[in-house]
>>> print(open('run22.cif').read())   # mmCIF, C-alpha atoms and all ligand atoms
data_run
#
loop_
_atom_site.label_atom_id
_atom_site.label_comp_id
_atom_site.auth_asym_id
_atom_site.auth_seq_id
_atom_site.Cartn_x
_atom_site.Cartn_y
_atom_site.Cartn_z
CA MET A 4 -46.64 -9.37 92.26
CA GLY A 5 -47.56 -11.59 95.24
CA GLU A 6 -48.21 -9.82 98.49
CA ALA A 7 -48.19 -6.30 97.05
CA ASN A 8 -50.96 -7.15 94.62
CA LEU A 9 -53.01 -9.25 96.99
CA VAL A 10 -56.59 -8.10 97.16
CA TYR A 11 -58.39 -10.28 99.67
CA GLY A 12 -61.84 -9.72 98.14
CA GLU A 13 -60.51 -11.09 94.88
CA ILE A 14 -59.03 -14.11 96.64
CA ASP A 15 -62.30 -14.86 98.45
CA GLU A 16 -64.16 -14.95 95.17
CA VAL A 17 -61.59 -17.38 93.76
CA ILE A 18 -61.38 -19.67 96.81
CA GLY A 19 -65.13 -20.27 96.63
CA GLN A 20 -64.73 -21.78 93.16
CA PHE A 21 -62.80 -24.88 94.31
CA GLN A 22 -63.96 -28.20 95.75
CA MET A 23 -62.46 -27.75 99.23
CA GLU A 24 -63.58 -29.38 102.46
CA GLY A 25 -65.09 -26.81 104.81
CA LYS A 26 -64.96 -23.06 104.82
CA ALA A 27 -61.87 -20.92 104.38
CA VAL A 28 -60.89 -19.35 107.71
CA GLU A 29 -57.37 -18.13 106.90
CA LYS A 30 -55.35 -17.22 103.81
CA LYS A 31 -51.90 -15.75 103.33
CA PRO A 32 -49.12 -15.44 100.73
CA TYR A 33 -46.83 -18.46 100.93
CA GLY A 34 -43.37 -19.70 99.86
CA ASN A 35 -40.52 -18.18 97.88
CA GLY A 36 -41.22 -19.06 94.25
CA HIS A 37 -40.11 -16.62 91.55
CA ILE A 38 -42.95 -17.33 89.14
CA ASN A 39 -46.46 -17.99 90.45
CA ASP A 40 -48.38 -16.16 93.20
CA THR A 41 -48.80 -18.76 95.93
CA PHE A 42 -51.22 -18.65 98.89
CA LEU A 43 -51.93 -20.94 101.80
CA VAL A 44 -55.65 -21.42 102.49
CA VAL A 45 -56.79 -22.98 105.77
CA CYS A 46 -60.31 -24.42 105.85
CA GLU A 47 -62.43 -25.62 108.75
CA THR A 48 -65.22 -28.18 108.50
CA PRO A 49 -68.41 -27.90 110.62
CA GLU A 50 -66.89 -30.64 112.87
CA GLY A 51 -63.91 -28.38 113.51
CA LYS A 52 -61.45 -30.31 111.33
CA LYS A 53 -58.73 -28.15 109.73
CA LYS A 54 -57.67 -28.80 106.16
CA ARG A 55 -54.97 -26.84 104.28
CA TYR A 56 -54.65 -26.06 100.59
CA ILE A 57 -52.22 -24.30 98.26
CA LEU A 58 -53.89 -21.79 95.95
CA GLN A 59 -51.88 -20.39 93.05
CA LYS A 60 -52.44 -17.65 90.55
CA MET A 61 -50.61 -19.02 87.57
CA ASN A 62 -48.20 -16.78 85.75
CA HIS A 63 -50.08 -16.33 82.52
CA SER A 64 -47.53 -14.04 80.89
CA ILE A 65 -44.84 -16.72 81.25
CA PHE A 66 -47.04 -19.74 80.66
CA LYS A 67 -48.89 -18.80 77.50
CA ALA A 68 -51.19 -21.85 77.47
CA PRO A 69 -52.30 -22.54 81.08
CA GLU A 70 -54.92 -25.07 79.90
CA GLN A 71 -52.20 -27.20 78.30
CA LEU A 72 -49.96 -26.76 81.32
CA MET A 73 -52.71 -28.04 83.62
CA GLU A 74 -53.35 -30.97 81.28
CA ASN A 75 -49.67 -31.92 81.75
CA VAL A 76 -49.90 -31.50 85.54
CA VAL A 77 -53.09 -33.57 85.85
CA ASN A 78 -51.82 -36.35 83.60
CA VAL A 79 -48.38 -36.53 85.21
CA THR A 80 -49.72 -36.45 88.79
CA GLU A 81 -52.35 -39.12 88.01
CA TYR A 82 -49.64 -41.28 86.47
CA LEU A 83 -47.37 -40.73 89.49
CA ARG A 84 -50.25 -41.61 91.88
CA LYS A 85 -50.53 -45.04 90.24
CA VAL A 86 -46.78 -45.66 90.36
CA ILE A 87 -46.60 -44.56 94.01
CA LEU A 88 -49.57 -46.77 94.97
CA ALA A 89 -47.98 -49.75 93.19
CA GLN A 90 -44.79 -49.13 95.21
CA GLY A 91 -46.81 -49.09 98.44
CA GLY A 92 -46.32 -45.35 99.00
CA ASP A 93 -48.73 -42.61 100.11
CA PRO A 94 -49.91 -40.73 97.00
CA ASP A 95 -51.46 -37.89 99.03
CA ARG A 96 -47.98 -36.95 100.27
CA GLU A 97 -45.59 -38.21 97.61
CA THR A 98 -47.01 -36.30 94.66
CA LEU A 99 -48.97 -33.10 94.12
CA ASN A 100 -52.75 -33.59 94.02
CA VAL A 101 -54.90 -31.18 92.04
CA VAL A 102 -58.10 -29.99 93.78
CA LYS A 103 -60.62 -29.42 91.02
CA ALA A 104 -62.78 -26.37 90.55
CA LYS A 105 -66.52 -26.68 91.13
CA ASN A 106 -67.10 -27.12 87.40
CA ASP A 107 -64.68 -30.10 87.52
CA SER A 108 -62.02 -28.25 85.59
CA SER A 109 -58.43 -28.38 86.90
CA TYR A 110 -58.27 -24.56 86.98
CA TYR A 111 -60.52 -21.55 87.35
CA VAL A 112 -60.44 -18.40 85.23
CA ASP A 113 -61.54 -15.28 87.10
CA GLN A 114 -63.30 -12.24 85.68
CA LYS A 115 -59.98 -10.57 84.89
CA GLY A 116 -58.84 -13.57 82.87
CA ASP A 117 -56.33 -14.77 85.50
CA TYR A 118 -55.86 -18.54 85.86
CA TRP A 119 -56.01 -20.12 89.33
CA ARG A 120 -55.41 -23.66 90.55
CA MET A 121 -55.43 -25.49 93.85
CA PHE A 122 -53.42 -28.36 95.34
CA LEU A 123 -53.72 -30.36 98.54
CA PHE A 124 -51.21 -28.94 101.01
CA VAL A 125 -48.61 -31.63 101.63
CA GLU A 126 -48.77 -31.89 105.41
CA GLY A 127 -45.90 -32.61 107.75
CA THR A 128 -43.26 -31.32 105.38
CA VAL A 129 -40.66 -28.59 105.26
CA CYS A 130 -39.31 -26.73 102.27
CA LEU A 131 -35.61 -25.80 102.36
CA GLU A 132 -34.18 -22.65 100.80
CA MET A 133 -30.63 -23.85 101.46
CA VAL A 134 -29.07 -27.22 102.01
CA GLU A 135 -28.73 -27.87 105.75
CA SER A 136 -26.66 -31.03 105.46
CA ALA A 137 -25.03 -33.15 102.77
CA LYS A 138 -27.49 -35.87 103.79
CA ASP A 139 -30.51 -33.67 102.79
CA PHE A 140 -28.93 -32.98 99.46
CA TYR A 141 -28.16 -36.66 98.91
CA ASP A 142 -31.83 -37.40 99.65
CA SER A 143 -33.01 -34.78 97.20
CA GLY A 144 -30.74 -36.41 94.58
CA VAL A 145 -32.36 -39.78 95.23
CA ALA A 146 -35.81 -38.16 94.94
CA PHE A 147 -35.07 -36.40 91.64
CA GLY A 148 -33.40 -39.53 90.26
CA ASN A 149 -36.46 -41.53 91.30
CA PHE A 150 -38.76 -39.00 89.71
CA GLN A 151 -36.86 -39.58 86.48
CA LYS A 152 -37.22 -43.33 86.90
CA MET A 153 -40.93 -43.21 87.79
CA LEU A 154 -41.63 -41.28 84.59
CA ALA A 155 -39.29 -43.37 82.41
CA ASP A 156 -42.21 -45.03 80.58
CA TYR A 157 -44.41 -41.94 80.44
CA PRO A 158 -45.22 -41.14 76.79
CA ALA A 159 -43.08 -38.03 76.45
CA LYS A 160 -44.65 -37.00 73.14
CA THR A 161 -48.03 -36.43 74.84
CA LEU A 162 -46.59 -33.65 77.02
CA HIS A 163 -47.09 -30.06 75.91
CA GLU A 164 -44.00 -27.88 75.78
CA THR A 165 -45.14 -25.31 78.36
CA ILE A 166 -42.22 -22.96 77.63
CA PRO A 167 -40.64 -23.63 74.24
CA ASN A 168 -36.84 -23.90 74.27
CA PHE A 169 -36.82 -23.71 78.06
CA HIS A 170 -33.35 -25.22 78.46
CA ASN A 171 -32.14 -24.64 74.94
CA THR A 172 -28.97 -22.83 75.99
CA PRO A 173 -28.02 -21.55 72.50
CA SER A 174 -31.50 -20.02 72.20
CA ARG A 175 -31.16 -18.51 75.69
CA PHE A 176 -27.80 -17.12 74.58
CA ARG A 177 -29.39 -15.42 71.56
CA ASP A 178 -32.06 -13.88 73.82
CA PHE A 179 -29.30 -12.64 76.08
CA GLN A 180 -27.33 -11.11 73.18
CA LYS A 181 -30.49 -9.32 72.05
CA ALA A 182 -31.06 -7.92 75.55
CA VAL A 183 -27.47 -6.61 75.58
CA GLN A 184 -27.79 -5.04 72.13
CA GLU A 185 -31.13 -3.40 72.90
CA ASP A 186 -30.13 -2.29 76.38
CA LYS A 187 -33.71 -1.07 76.91
CA MET A 188 -33.17 0.30 80.40
CA GLY A 189 -29.66 1.69 79.87
CA ARG A 190 -28.32 -0.77 82.42
CA ALA A 191 -25.63 -2.53 80.35
CA ALA A 192 -22.94 -0.08 81.51
CA SER A 193 -23.50 -1.25 85.09
CA ALA A 194 -22.94 -4.91 84.14
CA GLN A 195 -19.95 -4.79 81.78
CA GLU A 196 -17.93 -7.42 83.59
CA GLU A 197 -20.84 -9.86 83.80
CA ILE A 198 -21.74 -9.36 80.14
CA ALA A 199 -18.15 -10.03 79.09
CA PHE A 200 -18.04 -13.16 81.24
CA ALA A 201 -21.16 -14.51 79.57
CA LEU A 202 -20.17 -13.63 76.01
CA ALA A 203 -16.77 -15.30 76.43
CA ARG A 204 -18.49 -18.66 76.97
CA GLU A 205 -20.62 -18.81 73.84
CA ASN A 206 -18.87 -21.96 72.61
CA ASP A 207 -20.00 -23.95 75.64
CA THR A 208 -23.67 -23.19 75.06
CA LYS A 209 -24.20 -25.78 72.33
CA VAL A 210 -22.38 -28.77 73.80
CA LEU A 211 -25.44 -30.62 75.12
CA THR A 212 -27.88 -29.65 72.36
CA ASP A 213 -25.35 -30.79 69.74
CA LEU A 214 -25.00 -34.18 71.44
CA LEU A 215 -28.80 -34.48 71.54
CA LYS A 216 -29.04 -33.65 67.84
CA ALA A 217 -26.35 -36.21 67.07
CA GLY A 218 -28.34 -38.88 68.94
CA GLU A 219 -25.60 -39.25 71.55
CA LEU A 220 -27.87 -38.20 74.43
CA PRO A 221 -31.45 -39.50 74.90
CA LEU A 222 -34.51 -37.30 75.32
CA ARG A 223 -36.35 -38.10 78.57
CA VAL A 224 -39.25 -36.76 80.62
CA THR A 225 -37.61 -34.24 82.93
CA HIS A 226 -38.74 -31.79 85.61
CA ASN A 227 -36.55 -28.92 84.41
CA ASP A 228 -36.76 -26.80 87.58
CA THR A 229 -35.15 -28.97 90.21
CA LYS A 230 -34.09 -26.37 92.73
CA LEU A 231 -34.18 -27.35 96.35
CA ASN A 232 -37.33 -25.39 97.20
CA ASN A 233 -39.24 -27.45 94.64
CA ILE A 234 -39.02 -30.52 96.85
CA LEU A 235 -40.72 -31.10 100.19
CA PHE A 236 -38.96 -32.97 103.01
CA ASP A 237 -40.75 -34.93 105.73
CA GLU A 238 -40.45 -32.81 108.87
CA ASN A 239 -39.69 -35.82 111.06
CA THR A 240 -37.65 -38.24 108.98
CA LYS A 241 -36.11 -35.39 106.87
CA LYS A 242 -36.51 -37.61 103.81
CA ALA A 243 -37.27 -35.86 100.51
CA ILE A 244 -40.79 -37.02 99.79
CA CYS A 245 -42.62 -34.85 97.29
CA ILE A 246 -41.49 -33.11 94.13
CA ILE A 247 -43.55 -30.02 93.39
CA ASP A 248 -43.67 -27.20 90.82
CA LEU A 249 -44.49 -29.42 87.87
CA ASP A 250 -45.11 -26.50 85.48
CA THR A 251 -42.06 -27.29 83.39
CA VAL A 252 -42.26 -31.10 83.24
CA MET A 253 -41.46 -31.66 79.57
CA PRO A 254 -39.20 -33.74 77.38
CA GLY A 255 -35.60 -32.79 78.17
CA LEU A 256 -32.13 -34.02 79.08
CA SER A 257 -31.26 -35.61 82.43
CA HIS A 258 -28.54 -32.92 82.60
CA TYR A 259 -31.18 -30.25 83.03
CA ASP A 260 -32.44 -31.82 86.26
CA PHE A 261 -29.03 -32.78 87.58
CA GLY A 262 -27.54 -29.42 86.64
CA ASP A 263 -30.25 -27.21 88.07
CA SER A 264 -30.10 -29.04 91.40
CA ILE A 265 -26.35 -28.53 91.62
CA ARG A 266 -26.66 -24.87 90.60
CA PHE A 267 -28.92 -24.10 93.54
CA GLY A 268 -28.17 -26.72 96.17
CA ALA A 269 -24.38 -27.16 95.92
CA SER A 270 -23.80 -23.43 96.31
CA THR A 271 -22.45 -22.34 99.68
CA GLY A 272 -24.64 -19.22 99.57
CA ALA A 273 -28.08 -18.02 98.57
CA GLU A 274 -28.96 -17.45 94.92
CA ASP A 275 -29.11 -13.69 95.57
CA GLU A 276 -26.17 -13.37 98.00
CA LYS A 277 -24.45 -10.00 97.55
CA ASP A 278 -21.18 -11.03 99.18
CA LEU A 279 -19.59 -13.15 96.47
CA SER A 280 -16.83 -14.33 98.80
CA LYS A 281 -19.54 -16.56 100.32
CA ILE A 282 -20.32 -18.28 97.02
CA GLU A 283 -18.61 -21.51 96.03
CA MET A 284 -19.63 -24.80 94.47
CA ASP A 285 -19.08 -27.17 97.37
CA LEU A 286 -17.49 -30.41 96.15
CA ALA A 287 -18.78 -32.42 99.12
CA LEU A 288 -22.32 -31.32 98.24
CA PHE A 289 -21.68 -32.06 94.56
CA GLU A 290 -20.61 -35.55 95.57
CA ALA A 291 -23.62 -36.10 97.84
CA PHE A 292 -26.09 -35.13 95.12
CA THR A 293 -24.28 -37.08 92.38
CA LYS A 294 -24.34 -40.22 94.52
CA GLY A 295 -28.05 -39.78 95.33
CA TYR A 296 -29.12 -38.90 91.79
CA LEU A 297 -27.32 -41.84 90.21
CA GLU A 298 -28.73 -44.21 92.84
CA GLY A 299 -32.23 -42.80 92.29
CA CYS A 300 -31.95 -43.22 88.51
CA GLY A 301 -31.14 -46.86 89.25
CA GLY A 302 -28.81 -47.56 86.35
CA SER A 303 -31.07 -45.98 83.75
CA LEU A 304 -28.61 -43.34 82.48
CA THR A 305 -26.26 -44.09 79.60
CA GLU A 306 -22.50 -43.87 79.94
CA LYS A 307 -22.37 -40.72 77.81
CA GLU A 308 -25.13 -39.10 79.89
CA ILE A 309 -23.18 -39.76 83.07
CA GLU A 310 -19.92 -38.51 81.60
CA MET A 311 -21.62 -35.22 80.64
CA LEU A 312 -23.20 -34.53 84.07
CA PRO A 313 -20.56 -31.93 85.09
CA MET A 314 -21.34 -30.08 81.85
CA GLY A 315 -25.02 -30.16 82.86
CA ALA A 316 -24.13 -28.46 86.16
CA LYS A 317 -22.04 -25.82 84.45
CA LEU A 318 -24.48 -25.10 81.62
CA MET A 319 -27.59 -24.90 83.81
CA THR A 320 -25.78 -22.47 86.10
CA TYR A 321 -24.50 -20.42 83.19
CA GLU A 322 -27.93 -20.44 81.53
CA CYS A 323 -29.66 -19.28 84.68
CA GLY A 324 -27.03 -16.53 84.99
CA ILE A 325 -27.70 -15.21 81.48
CA ARG A 326 -31.47 -15.40 82.10
CA PHE A 327 -31.13 -13.29 85.29
CA LEU A 328 -28.78 -10.87 83.52
CA ALA A 329 -31.05 -10.53 80.46
CA ASP A 330 -33.99 -9.87 82.80
CA TYR A 331 -31.99 -7.20 84.62
CA LEU A 332 -31.21 -5.55 81.25
CA GLU A 333 -34.85 -5.79 80.15
CA GLY A 334 -36.24 -4.19 83.30
CA ASP A 335 -37.06 -7.19 85.54
CA VAL A 336 -40.05 -8.39 83.60
CA TYR A 337 -39.71 -12.15 84.23
CA PHE A 338 -38.35 -13.05 87.68
CA LYS A 339 -39.99 -11.47 90.71
CA ILE A 340 -37.60 -9.04 92.38
CA HIS A 341 -37.62 -7.74 95.94
CA ARG A 342 -34.94 -5.05 95.68
CA GLU A 343 -33.15 -2.91 93.12
CA GLY A 344 -30.49 -4.81 91.21
CA HIS A 345 -31.86 -8.14 92.48
CA ASN A 346 -31.50 -9.89 89.13
CA LEU A 347 -27.97 -8.56 88.69
CA ASP A 348 -27.04 -9.91 92.13
CA ARG A 349 -28.53 -13.25 91.13
CA ALA A 350 -26.58 -13.29 87.85
CA ARG A 351 -23.35 -12.56 89.75
CA THR A 352 -23.73 -15.57 92.05
CA GLN A 353 -24.37 -17.82 89.05
CA PHE A 354 -21.25 -16.64 87.23
CA LYS A 355 -19.17 -17.01 90.39
CA LEU A 356 -20.38 -20.61 90.56
CA VAL A 357 -19.58 -21.20 86.88
CA LYS A 358 -16.03 -19.94 87.42
CA ASP A 359 -15.66 -22.13 90.49
CA MET A 360 -16.87 -25.18 88.56
CA GLU A 361 -14.31 -24.46 85.83
CA ASP A 362 -11.62 -24.42 88.52
CA LYS A 363 -12.91 -27.69 90.02
CA TRP A 364 -13.58 -29.48 86.74
CA THR A 365 -11.13 -32.35 87.28
CA GLU A 366 -12.54 -33.09 90.73
CA MET A 367 -16.13 -32.97 89.45
CA ALA A 368 -15.31 -35.42 86.65
CA ALA A 369 -13.59 -37.75 89.14
CA ILE A 370 -16.64 -37.75 91.44
CA VAL A 371 -18.99 -38.63 88.58
CA GLU A 372 -16.61 -41.40 87.51
CA LYS A 373 -16.54 -42.76 91.08
CA TYR A 374 -20.34 -43.22 91.23
CA LYS A 375 -21.06 -44.14 87.63
CA ASN A 376 -21.64 -47.83 88.32
CA LYS A 377 -23.49 -47.43 91.60
P1 LIG B 401 -43.17 -21.12 91.80
O1 LIG B 401 -43.36 -21.66 90.41
O2 LIG B 401 -43.53 -19.68 91.94
O3 LIG B 401 -41.81 -21.46 92.32
P2 LIG B 401 -44.17 -23.34 93.47
O4 LIG B 401 -45.21 -24.24 92.87
O5 LIG B 401 -42.79 -23.86 93.53
O6 LIG B 401 -44.25 -21.91 92.72
O7 LIG B 401 -44.68 -22.96 94.94
C1 LIG B 401 -44.01 -22.00 95.73
C2 LIG B 401 -43.73 -22.56 97.13
O8 LIG B 401 -44.98 -22.93 97.76
C3 LIG B 401 -42.89 -23.81 97.16
O9 LIG B 401 -41.51 -23.54 97.12
C4 LIG B 401 -43.35 -24.45 98.48
O10 LIG B 401 -42.72 -23.82 99.58
C5 LIG B 401 -44.82 -24.09 98.56
N1 LIG B 401 -45.72 -25.16 98.04
C6 LIG B 401 -46.16 -25.28 96.77
N2 LIG B 401 -47.00 -26.33 96.64
C7 LIG B 401 -47.12 -26.89 97.87
C8 LIG B 401 -47.90 -27.99 98.41
N3 LIG B 401 -48.71 -28.71 97.65
N4 LIG B 401 -47.77 -28.26 99.75
C9 LIG B 401 -46.96 -27.51 100.54
N5 LIG B 401 -46.22 -26.45 100.09
C10 LIG B 401 -46.30 -26.13 98.78
C1 LIG B 402 -37.79 -20.03 88.50
O1 LIG B 402 -40.54 -21.22 89.65
P1 LIG B 402 -39.25 -21.25 90.43
O2 LIG B 402 -39.06 -20.10 91.35
O3 LIG B 402 -39.10 -22.59 91.08
C2 LIG B 402 -37.63 -20.46 87.04
C3 LIG B 402 -36.45 -21.42 86.92
C4 LIG B 402 -35.18 -20.77 87.44
C5 LIG B 402 -35.42 -20.32 88.89
C6 LIG B 402 -34.24 -19.55 89.43
C7 LIG B 402 -40.67 -21.37 85.02
O4 LIG B 402 -38.09 -21.18 89.27
O5 LIG B 402 -36.25 -21.77 85.55
O6 LIG B 402 -34.09 -21.67 87.40
O7 LIG B 402 -36.60 -19.46 88.98
N1 LIG B 402 -38.85 -21.08 86.57
C8 LIG B 402 -39.39 -20.72 85.37
O8 LIG B 402 -34.38 -19.45 90.81
O9 LIG B 402 -38.85 -19.89 84.63
MG MG B 403 -40.93 -23.25 92.73
#
>>> encode(input="run22.cif", output="structure tokens", more="lines below")
Ligand code: ADP
Ligand code: GN1
Ligand code: MG
Amino acid sequence: MGEANLVYGEIDEVIGQFQMEGKAVEKKPYGNGHINDTFLVVCETPEGKKKRYILQKMNHSIFKAPEQLMENVVNVTEYLRKVILAQGGDPDRETLNVVKAKNDSSYYVDQKGDYWRMFLFVEGTVCLEMVESAKDFYDSGVAFGNFQKMLADYPAKTLHETIPNFHNTPSRFRDFQKAVQEDKMGRAASAQEEIAFALARENDTKVLTDLLKAGELPLRVTHNDTKLNNILFDENTKKAICIIDLDTVMPGLSHYDFGDSIRFGASTGAEDEKDLSKIEMDLALFEAFTKGYLEGCGGSLTEKEIEMLPMGAKLMTYECGIRFLADYLEGDVYFKIHREGHNLDRARTQFKLVKDMEDKWTEMAAIVEKYKNK
């Protein structure tokens, strides 16, 4: 996908379908997402003004109903615009803004049936692939907590479920078991240790979903994909200003957002690091994010929700690990890969983090306790 499949003629045809200012003078693949094909498009007006846009080919095989997905994105971003304006913020930079197609639709379907969409490029920002300082991670915690708070009154029932059972860990576990049993590519033998690690933790998978069913945890509007490269930081102030990648905004548990951030951002190494001795869950980073997230949520989480946050971190990391491992066993059909064994490498880092969290459980619980009333 992405660069390898990029046919510039095809892109030109698509670019012309959106309501951009000026004429496209430059386009190139952009960013490090695992799901959509993302391009930067630079336009120039007759007066010589440059204007940048993000163009994305949506992943139609993962997102089965792109029309519904875009309805979510338009409604959520319009809602956020109003909240940001009411708070005196800058809605062109603090939320994604959809650039409509010439027929006023929020997406364009090309002749091959591929779905495309465009956003304003959020200027003056940087996207981080790894935490550079505890302060950045604290800021991202405040931003994700705030995101939660800004959408607290959003009518959750009106959101489409863009990927059913996205963070339903027991359902992910069943998918994983099936991938192991089928062993379509004959790869299971090369991942025995990882498979055993995952299977041994089956009992953990239902902890959060059982509490939800029992009414002990509330359903909220959540982002569900809160990794660090889904947030843009102001390049000067280094403040986290804009949350992007809204494809999976759906009803969910606060643990999904908290946990996925920790999974990616509190790791001392990259998600696909091959040298596992470099991978740990850094407690100082865990503390920075916990402090920021709880401050950002501004007292809106229940006591039980807060108590279960470490479990959110562990389960989101575990779940991502079994998703990577299942994809490795199924032949890398979901996550984009850039080398052989890429998904297995990714699964290994996740399981190393899970093990490290198990070893640091008491400390994690104490940190959450320390900030619970802040
Ligand atoms: P994926 O679902 O594939 O992760 P994203 O929507 O997260 O796709 O976009 C991929 C990357 O493109 C992001 O990590 C970010 O670097 C960049 N990006 C996306 N939208 C914008 C935007 N509006 N302004 C600036 N950069 C963006
Ligand atoms: C994908 O879209 P992106 O790259 O931000 C995935 C997440 C995983 C993540 C792992 C829709 O996120 O669920 O946690 O990769 N998104 C989807 O890096 O499956
Ligand atoms: Mg992304």
>>> residues_near_ligand(input="run22.cif", ligand="ligand LIG 402 (chain B)", cutoff="7 Å", atoms="only C-alpha atoms and all ligand atoms", output="VMD selection string")
chain A and resid 35 to 39 228 230 232 to 233 248 250 to 251 263 323 338
>>> residues_around(input="run22.cif", residues="A:Leu99", least_positions_apart="2", cutoff="12 Å", atoms="only C-alpha atoms", output="ChimeraX atom specification")
/A:56-57,76-84,87,93-97,101-102,120-126,233-235,244-250
>>> closest_residue(input="run22.cif", among="A:Ala369, A:Met319, A:Ile282, A:Leu312", to="A:Leu356", atoms="all atoms listed in the file")
A:Ile282
>>> axis_aligned_box(input="run22.cif", around="ligand LIG 401 (chain B)", padding_each_side="4 Å", output="lines of an AutoDock Vina configuration file")
center_x = -45.1
center_y = -24.2
center_z = 95.5
size_x = 15.2
size_y = 17.0
size_z = 18.1
>>> atom_distance(input="run22.cif", atom1="atom CA of A:Thr305", atom2="atom CA of A:Leu231")
25.0 Å
>>> closest_residue(input="run22.cif", among="A:Tyr296, A:Phe140, A:Tyr337, A:Phe179", to="ligand LIG 401 (chain B)", atoms="all atoms listed in the file")
A:Tyr337
>>> residues_near_point(input="run22.cif", point="(-45.6, -18.8, 92.7)", cutoff="10 Å", atoms="only C-alpha atoms", output="number ranges by chain")
A: 4-5, 32-42, 58-62, 248, 339
>>> atom_distance(input="run22.cif", atom1="atom C1 of ligand LIG 401 (chain B)", atom2="atom CA of A:Arg190")
29.6 Å
>>> residues_around(input="run22.cif", residues="A:Asp237", least_positions_apart="5", cutoff="8 Å", atoms="all atoms listed in the file", output="list in words")
Gly127, Thr128, Val129, Lys242, Ala243 and Ile244 of chain A
>>> closest_residue(input="run22.cif", among="A:His226, A:Arg177, A:Lys85, A:His163", to="ligand MG 403 (chain B)", atoms="only C-alpha atoms and all ligand atoms")
A:His226
>>> atom_distance(input="run22.cif", atom1="atom CA of A:Glu164", atom2="atom CA of A:Gln90")
28.8 Å
>>> residues_around(input="run22.cif", residues="A:Leu222", least_positions_apart="3", cutoff="7 Å", atoms="all atoms listed in the file", output="VMD selection string")
chain A and resid 254 to 256
>>> closest_residue(input="run22.cif", among="A:Leu220, A:Leu43, A:Ala89, A:Val357", to="ligand LIG 401 (chain B)", atoms="all atoms listed in the file")
A:Leu43
>>> residues_near_point(input="run22.cif", point="(-21.7, -21.5, 100.8)", cutoff="12 Å", atoms="all atoms listed in the file", output="PDB file with C-alpha atoms, in the frame of the given file")
ATOM      1  CA  MET A 133     -30.630 -23.850 101.460  1.00  0.00           C
ATOM      2  CA  VAL A 134     -29.070 -27.220 102.010  1.00  0.00           C
ATOM      3  CA  GLU A 135     -28.730 -27.870 105.750  1.00  0.00           C
ATOM      4  CA  SER A 136     -26.660 -31.030 105.460  1.00  0.00           C
ATOM      5  CA  ARG A 266     -26.660 -24.870  90.600  1.00  0.00           C
ATOM      6  CA  PHE A 267     -28.920 -24.100  93.540  1.00  0.00           C
ATOM      7  CA  GLY A 268     -28.170 -26.720  96.170  1.00  0.00           C
ATOM      8  CA  ALA A 269     -24.380 -27.160  95.920  1.00  0.00           C
ATOM      9  CA  SER A 270     -23.800 -23.430  96.310  1.00  0.00           C
ATOM     10  CA  THR A 271     -22.450 -22.340  99.680  1.00  0.00           C
ATOM     11  CA  GLY A 272     -24.640 -19.220  99.570  1.00  0.00           C
ATOM     12  CA  ALA A 273     -28.080 -18.020  98.570  1.00  0.00           C
ATOM     13  CA  GLU A 274     -28.960 -17.450  94.920  1.00  0.00           C
ATOM     14  CA  ASP A 275     -29.110 -13.690  95.570  1.00  0.00           C
ATOM     15  CA  GLU A 276     -26.170 -13.370  98.000  1.00  0.00           C
ATOM     16  CA  ASP A 278     -21.180 -11.030  99.180  1.00  0.00           C
ATOM     17  CA  LEU A 279     -19.590 -13.150  96.470  1.00  0.00           C
ATOM     18  CA  SER A 280     -16.830 -14.330  98.800  1.00  0.00           C
ATOM     19  CA  LYS A 281     -19.540 -16.560 100.320  1.00  0.00           C
ATOM     20  CA  ILE A 282     -20.320 -18.280  97.020  1.00  0.00           C
ATOM     21  CA  GLU A 283     -18.610 -21.510  96.030  1.00  0.00           C
ATOM     22  CA  MET A 284     -19.630 -24.800  94.470  1.00  0.00           C
ATOM     23  CA  ASP A 285     -19.080 -27.170  97.370  1.00  0.00           C
ATOM     24  CA  LEU A 286     -17.490 -30.410  96.150  1.00  0.00           C
ATOM     25  CA  ALA A 287     -18.780 -32.420  99.120  1.00  0.00           C
ATOM     26  CA  LEU A 288     -22.320 -31.320  98.240  1.00  0.00           C
ATOM     27  CA  THR A 352     -23.730 -15.570  92.050  1.00  0.00           C
ATOM     28  CA  LYS A 355     -19.170 -17.010  90.390  1.00  0.00           C
ATOM     29  CA  LEU A 356     -20.380 -20.610  90.560  1.00  0.00           C
ATOM     30  CA  ASP A 359     -15.660 -22.130  90.490  1.00  0.00           C
TER      31      ASP A 359
END
>>> residues_around(input="run22.cif", residues="A:Gly25", least_positions_apart="2", cutoff="12 Å", atoms="all atoms listed in the file", output="VMD selection string")
chain A and resid 18 to 19 21 to 23 27 to 29 44 to 56
>>> write_last_selection(input="run22.cif", atoms="C-alpha atoms", output="short mmCIF file (atom, residue, chain, number, x, y, z; two decimals), in the frame of the given file")
data_model
loop_
_atom_site.label_atom_id
_atom_site.label_comp_id
_atom_site.auth_asym_id
_atom_site.auth_seq_id
_atom_site.Cartn_x
_atom_site.Cartn_y
_atom_site.Cartn_z
CA ILE A 18 -61.38 -19.67 96.81
CA GLY A 19 -65.13 -20.27 96.63
CA PHE A 21 -62.80 -24.88 94.31
CA GLN A 22 -63.96 -28.20 95.75
CA MET A 23 -62.46 -27.75 99.23
CA ALA A 27 -61.87 -20.92 104.38
CA VAL A 28 -60.89 -19.35 107.71
CA GLU A 29 -57.37 -18.13 106.90
CA VAL A 44 -55.65 -21.42 102.49
CA VAL A 45 -56.79 -22.98 105.77
CA CYS A 46 -60.31 -24.42 105.85
CA GLU A 47 -62.43 -25.62 108.75
CA THR A 48 -65.22 -28.18 108.50
CA PRO A 49 -68.41 -27.90 110.62
CA GLU A 50 -66.89 -30.64 112.87
CA GLY A 51 -63.91 -28.38 113.51
CA LYS A 52 -61.45 -30.31 111.33
CA LYS A 53 -58.73 -28.15 109.73
CA LYS A 54 -57.67 -28.80 106.16
CA ARG A 55 -54.97 -26.84 104.28
CA TYR A 56 -54.65 -26.06 100.59
#
